[in-house]
Amino acid sequence: ASFIKFFSSNDNDNNNNDKRTIKAIIFDMDGTLLDTESLADKAILQALFGNNVSSLPESLLRSKEWRLDWELKKQILGLRGKEWSPITLNYFQQHHQCQDLPTSEQLIDSWEQNLNAMCSEIEACPGARELVNAVVSLSNKIPMAIATSSRMSGVAKKRTRHQEWFQHIDTIVTGDDVVRGKPAPDIYVEAAKRLEVDPTECLVFEDALSGVQSAKAAGCCVVAVPDPRYTEEEQDSLFGGADVVLNSLWEFDGR
């Protein structure tokens, strides 16, 4: 209810000069709307080492899980494939002494195939569906967009189980639509342009540091929902540029 009250009051509360008028909402997708990050880790590791967990480097076997090292994950969250793939390959060469690795292009293609095969397992992030539906329920619906580093082909597959609420998203801008990926502002500038609003009138929801930096560089108001593996100190130092930092979309109350 407080969420709806916030957006409904934007045009009516002329006495509150501290609140920015929000005319559109832009969501990141992976890790913000859809809980794809653990599956993305698995898809990367399978692209590198095959489908048997026992084939992982001994230094990774301690966890018995298909998860990337957090130190690597922090570096690649929110990036496009052509940006995260060389970082990933270099990391495994340097930290796990891996040889005979695929090329960047081979890694991206194999990763995408693996992840697409897991799309039936993708769940919504907590509060994501409810937040989108709350916007839809407003008497004057606020337009919504997605700004994602994923390719459009990947978006189409990831949204398969979630069409009931994804259908309300007015436009989707992907990493292929802009010259520079996050943290450059291009993708949020383009999303605002498609929604026919100024970026300063957009409220953005992001989970990745590169995405927060991208949206702020575009001039947007940003709500960050960082990965819980960030320490409190890291959240304070890395996500201090966001206007609001939350543990979950459920916590958003518009203030």
# chains A, B, ... in the order shown; residues from 1 in each chain; ligands from 1
>>> closest_atom_pairs(of="segment 182-250 of chain A", to="segment 26-35 of chain A", cutoff="6 Å", atoms="only C-alpha atoms", output="CSV")
residue,atom,partner,partner_atom,distance
A:Val204,CA,A:Ile26,CA,4.8
A:Phe205,CA,A:Phe27,CA,5.0
A:Glu206,CA,A:Asp28,CA,5.3
A:Asp207,CA,A:Thr32,CA,5.6
>>> select_by_dssp(residues="segment 170-224 of chain A", states="helix (DSSP H, G or I)", output="list in words")
Gly175, Asp176, Asp177, Asp186, Ile187, Tyr188, Val189, Glu190, Ala191, Ala192, Lys193, Arg194, Pro199, Thr200, Glu201, Leu209, Ser210, Gly211, Val212, Gln213, Ser214, Ala215, Lys216, Ala217 and Ala218 of chain A
>>> write_last_selection(atoms="N, CA and C atoms", output="PDB file, in the first residue's frame")
ATOM      1  N   GLY A 175      21.792  -5.709 -23.797  1.00  0.00           N
ATOM      2  CA  GLY A 175      23.180  -5.313 -24.007  1.00  0.00           C
ATOM      3  C   GLY A 175      23.548  -5.164 -25.467  1.00  0.00           C
ATOM      4  N   ASP A 176      22.820  -5.849 -26.343  1.00  0.00           N
ATOM      5  CA  ASP A 176      23.086  -5.754 -27.781  1.00  0.00           C
ATOM      6  C   ASP A 176      22.582  -4.445 -28.383  1.00  0.00           C
ATOM      7  N   ASP A 177      21.756  -3.711 -27.638  1.00  0.00           N
ATOM      8  CA  ASP A 177      21.144  -2.495 -28.168  1.00  0.00           C
ATOM      9  C   ASP A 177      21.991  -1.237 -27.972  1.00  0.00           C
ATOM     10  N   ASP A 186      24.671   4.232 -21.055  1.00  0.00           N
ATOM     11  CA  ASP A 186      23.950   4.098 -22.325  1.00  0.00           C
ATOM     12  C   ASP A 186      22.625   3.346 -22.221  1.00  0.00           C
ATOM     13  N   ILE A 187      22.625   2.227 -21.513  1.00  0.00           N
ATOM     14  CA  ILE A 187      21.449   1.356 -21.522  1.00  0.00           C
ATOM     15  C   ILE A 187      20.270   2.006 -20.795  1.00  0.00           C
ATOM     16  N   TYR A 188      20.565   2.784 -19.747  1.00  0.00           N
ATOM     17  CA  TYR A 188      19.483   3.465 -19.030  1.00  0.00           C
ATOM     18  C   TYR A 188      19.024   4.717 -19.772  1.00  0.00           C
ATOM     19  N   VAL A 189      19.934   5.368 -20.457  1.00  0.00           N
ATOM     20  CA  VAL A 189      19.546   6.493 -21.309  1.00  0.00           C
ATOM     21  C   VAL A 189      18.616   6.007 -22.416  1.00  0.00           C
ATOM     22  N   GLU A 190      18.955   4.869 -23.019  1.00  0.00           N
ATOM     23  CA  GLU A 190      18.133   4.307 -24.092  1.00  0.00           C
ATOM     24  C   GLU A 190      16.763   3.861 -23.568  1.00  0.00           C
ATOM     25  N   ALA A 191      16.735   3.248 -22.389  1.00  0.00           N
ATOM     26  CA  ALA A 191      15.454   2.807 -21.821  1.00  0.00           C
ATOM     27  C   ALA A 191      14.543   4.000 -21.549  1.00  0.00           C
ATOM     28  N   ALA A 192      15.103   5.069 -20.998  1.00  0.00           N
ATOM     29  CA  ALA A 192      14.315   6.275 -20.736  1.00  0.00           C
ATOM     30  C   ALA A 192      13.802   6.879 -22.046  1.00  0.00           C
ATOM     31  N   LYS A 193      14.645   6.876 -23.057  1.00  0.00           N
ATOM     32  CA  LYS A 193      14.252   7.403 -24.362  1.00  0.00           C
ATOM     33  C   LYS A 193      13.063   6.635 -24.927  1.00  0.00           C
ATOM     34  N   ARG A 194      13.107   5.315 -24.815  1.00  0.00           N
ATOM     35  CA  ARG A 194      12.008   4.495 -25.337  1.00  0.00           C
ATOM     36  C   ARG A 194      10.714   4.733 -24.556  1.00  0.00           C
ATOM     37  N   PRO A 199      15.818  10.626 -18.141  1.00  0.00           N
ATOM     38  CA  PRO A 199      16.391   9.683 -17.171  1.00  0.00           C
ATOM     39  C   PRO A 199      16.248  10.134 -15.722  1.00  0.00           C
ATOM     40  N   THR A 200      16.240  11.444 -15.492  1.00  0.00           N
ATOM     41  CA  THR A 200      16.105  11.946 -14.117  1.00  0.00           C
ATOM     42  C   THR A 200      14.718  11.684 -13.549  1.00  0.00           C
ATOM     43  N   GLU A 201      13.779  11.296 -14.398  1.00  0.00           N
ATOM     44  CA  GLU A 201      12.418  10.994 -13.955  1.00  0.00           C
ATOM     45  C   GLU A 201      12.180   9.491 -13.828  1.00  0.00           C
ATOM     46  N   LEU A 209      26.689  -3.666  -8.778  1.00  0.00           N
ATOM     47  CA  LEU A 209      27.388  -2.389  -8.667  1.00  0.00           C
ATOM     48  C   LEU A 209      27.502  -1.714 -10.021  1.00  0.00           C
ATOM     49  N   SER A 210      27.838  -2.480 -11.065  1.00  0.00           N
ATOM     50  CA  SER A 210      27.963  -1.889 -12.397  1.00  0.00           C
ATOM     51  C   SER A 210      26.636  -1.294 -12.863  1.00  0.00           C
ATOM     52  N   GLY A 211      25.538  -1.921 -12.479  1.00  0.00           N
ATOM     53  CA  GLY A 211      24.226  -1.406 -12.845  1.00  0.00           C
ATOM     54  C   GLY A 211      23.867  -0.139 -12.095  1.00  0.00           C
ATOM     55  N   VAL A 212      24.195  -0.097 -10.810  1.00  0.00           N
ATOM     56  CA  VAL A 212      23.955   1.107 -10.012  1.00  0.00           C
ATOM     57  C   VAL A 212      24.747   2.272 -10.590  1.00  0.00           C
ATOM     58  N   GLN A 213      26.009   2.011 -10.922  1.00  0.00           N
ATOM     59  CA  GLN A 213      26.850   3.059 -11.499  1.00  0.00           C
ATOM     60  C   GLN A 213      26.298   3.529 -12.837  1.00  0.00           C
ATOM     61  N   SER A 214      25.809   2.600 -13.638  1.00  0.00           N
ATOM     62  CA  SER A 214      25.222   2.924 -14.937  1.00  0.00           C
ATOM     63  C   SER A 214      24.007   3.831 -14.788  1.00  0.00           C
ATOM     64  N   ALA A 215      23.097   3.439 -13.902  1.00  0.00           N
ATOM     65  CA  ALA A 215      21.862   4.204 -13.718  1.00  0.00           C
ATOM     66  C   ALA A 215      22.135   5.585 -13.132  1.00  0.00           C
ATOM     67  N   LYS A 216      23.050   5.666 -12.179  1.00  0.00           N
ATOM     68  CA  LYS A 216      23.379   6.966 -11.585  1.00  0.00           C
ATOM     69  C   LYS A 216      24.057   7.866 -12.606  1.00  0.00           C
ATOM     70  N   ALA A 217      24.908   7.293 -13.450  1.00  0.00           N
ATOM     71  CA  ALA A 217      25.569   8.086 -14.487  1.00  0.00           C
ATOM     72  C   ALA A 217      24.552   8.644 -15.477  1.00  0.00           C
ATOM     73  N   ALA A 218      23.446   7.923 -15.652  1.00  0.00           N
ATOM     74  CA  ALA A 218      22.387   8.392 -16.548  1.00  0.00           C
ATOM     75  C   ALA A 218      21.524   9.462 -15.890  1.00  0.00           C
TER      76      ALA A 218
END
>>> atom_distance(atom1="atom CA of Gly240 of chain A", atom2="atom CA of Ile25 of chain A")
20.6 Å
>>> residues_around(residues="Phe252 of chain A", least_positions_apart="5", cutoff="10 Å", atoms="only C-alpha atoms", output="ChimeraX atom specification")
/A:2-3,127,131,223,225,244-247
>>> residues_around(residues="Asp100 of chain A", least_positions_apart="4", cutoff="12 Å", atoms="only C-alpha atoms", output="JSON, numbers by chain")
{"A": [48, 49, 89, 92, 93]}
>>> residues_around(residues="Lys82 of chain A", least_positions_apart="5", cutoff="12 Å", atoms="only C-alpha atoms", output="list in words")
Ile76, Ile87, Thr88, Leu89, Thr103, Ser104, Glu105, Gln106, Leu107, Ile108, Asp109, Trp111, Ser149, Ser150, Arg151, Gly175, Asp176, Val179, Arg180, Gly181 and Lys182 of chain A
>>> atom_distance(atom1="atom CA of Ser137 of chain A", atom2="atom CA of His168 of chain A")
10.8 Å
>>> select_by_dssp(residues="segment 25-205 of chain A", states="strand (DSSP E or B)", output="list in words")
Ile25, Ile26, Phe27, Asp30, Leu34, Asp35, Glu123, Ala124, Met144, Ala145, Ile146, Ala147, Thr171, Ile172, Val173, Cys202, Leu203, Val204 and Phe205 of chain A
>>> write_last_selection(atoms="N, CA and C atoms", output="mmCIF file, in the first residue's frame")
data_model
loop_
_atom_site.group_PDB
_atom_site.id
_atom_site.type_symbol
_atom_site.label_atom_id
_atom_site.label_comp_id
_atom_site.auth_asym_id
_atom_site.auth_seq_id
_atom_site.Cartn_x
_atom_site.Cartn_y
_atom_site.Cartn_z
ATOM 1 N N ILE A 25 9.621 3.492 -14.446
ATOM 2 C CA ILE A 25 10.429 2.555 -13.649
ATOM 3 C C ILE A 25 11.210 1.668 -14.597
ATOM 4 N N ILE A 26 12.488 1.483 -14.286
ATOM 5 C CA ILE A 26 13.336 0.604 -15.096
ATOM 6 C C ILE A 26 13.957 -0.439 -14.172
ATOM 7 N N PHE A 27 13.818 -1.690 -14.551
ATOM 8 C CA PHE A 27 14.365 -2.790 -13.769
ATOM 9 C C PHE A 27 15.560 -3.421 -14.481
ATOM 10 N N ASP A 30 18.448 -9.818 -14.410
ATOM 11 C CA ASP A 30 19.121 -10.922 -13.727
ATOM 12 C C ASP A 30 19.565 -10.506 -12.324
ATOM 13 N N LEU A 34 14.611 -11.615 -11.813
ATOM 14 C CA LEU A 34 14.699 -13.076 -11.914
ATOM 15 C C LEU A 34 15.943 -13.589 -11.196
ATOM 16 N N ASP A 35 15.762 -14.650 -10.434
ATOM 17 C CA ASP A 35 16.861 -15.217 -9.640
ATOM 18 C C ASP A 35 17.679 -16.174 -10.510
ATOM 19 N N GLU A 123 13.334 -18.843 -10.923
ATOM 20 C CA GLU A 123 12.297 -18.305 -10.063
ATOM 21 C C GLU A 123 12.354 -16.777 -10.081
ATOM 22 N N ALA A 124 11.258 -16.154 -9.699
ATOM 23 C CA ALA A 124 11.250 -14.705 -9.526
ATOM 24 C C ALA A 124 12.001 -14.345 -8.253
ATOM 25 N N MET A 144 6.945 0.913 -17.607
ATOM 26 C CA MET A 144 8.071 0.148 -17.068
ATOM 27 C C MET A 144 8.936 -0.393 -18.187
ATOM 28 N N ALA A 145 10.231 -0.509 -17.905
ATOM 29 C CA ALA A 145 11.171 -1.084 -18.863
ATOM 30 C C ALA A 145 12.124 -2.004 -18.122
ATOM 31 N N ILE A 146 12.791 -2.839 -18.888
ATOM 32 C CA ILE A 146 13.903 -3.650 -18.381
ATOM 33 C C ILE A 146 15.156 -3.207 -19.119
ATOM 34 N N ALA A 147 16.234 -3.033 -18.384
ATOM 35 C CA ALA A 147 17.544 -2.722 -18.967
ATOM 36 C C ALA A 147 18.497 -3.816 -18.523
ATOM 37 N N THR A 171 8.886 -2.076 -22.499
ATOM 38 C CA THR A 171 10.001 -2.228 -23.439
ATOM 39 C C THR A 171 11.178 -2.890 -22.736
ATOM 40 N N ILE A 172 11.993 -3.588 -23.504
ATOM 41 C CA ILE A 172 13.178 -4.255 -22.964
ATOM 42 C C ILE A 172 14.387 -3.836 -23.784
ATOM 43 N N VAL A 173 15.378 -3.267 -23.102
ATOM 44 C CA VAL A 173 16.632 -2.875 -23.735
ATOM 45 C C VAL A 173 17.695 -3.884 -23.300
ATOM 46 N N CYS A 202 13.264 8.713 -13.868
ATOM 47 C CA CYS A 202 13.169 7.253 -13.803
ATOM 48 C C CYS A 202 13.651 6.724 -12.458
ATOM 49 N N LEU A 203 12.931 5.749 -11.954
ATOM 50 C CA LEU A 203 13.347 5.017 -10.762
ATOM 51 C C LEU A 203 13.868 3.663 -11.215
ATOM 52 N N VAL A 204 15.094 3.351 -10.833
ATOM 53 C CA VAL A 204 15.761 2.124 -11.277
ATOM 54 C C VAL A 204 15.955 1.171 -10.110
ATOM 55 N N PHE A 205 15.734 -0.118 -10.368
ATOM 56 C CA PHE A 205 16.012 -1.173 -9.387
ATOM 57 C C PHE A 205 17.157 -2.022 -9.932
#
>>> closest_residue(among="A:Pro86, A:Leu101, A:Ala40, A:Asn52", to="Arg67 of chain A", atoms="only C-alpha atoms")
A:Ala40
>>> atom_distance(atom1="atom CA of Gln235 of chain A", atom2="atom CA of Asp253 of chain A")
19.8 Å
>>> residues_around(residues="Ile142 of chain A", least_positions_apart="6", cutoff="10 Å", atoms="only C-alpha atoms", output="ChimeraX atom specification")
/A:7-8,22-25,135-136,170,195
>>> closest_residue(among="A:Leu238, A:Leu249, A:Ala156, A:Ala43", to="Ser110 of chain A", atoms="only C-alpha atoms")
A:Ala43
>>> residues_around(residues="Leu39 of chain A", least_positions_apart="4", cutoff="10 Å", atoms="only C-alpha atoms", output="ChimeraX atom specification")
/A:35,43-45,66-67,114-116,118-119,121-122
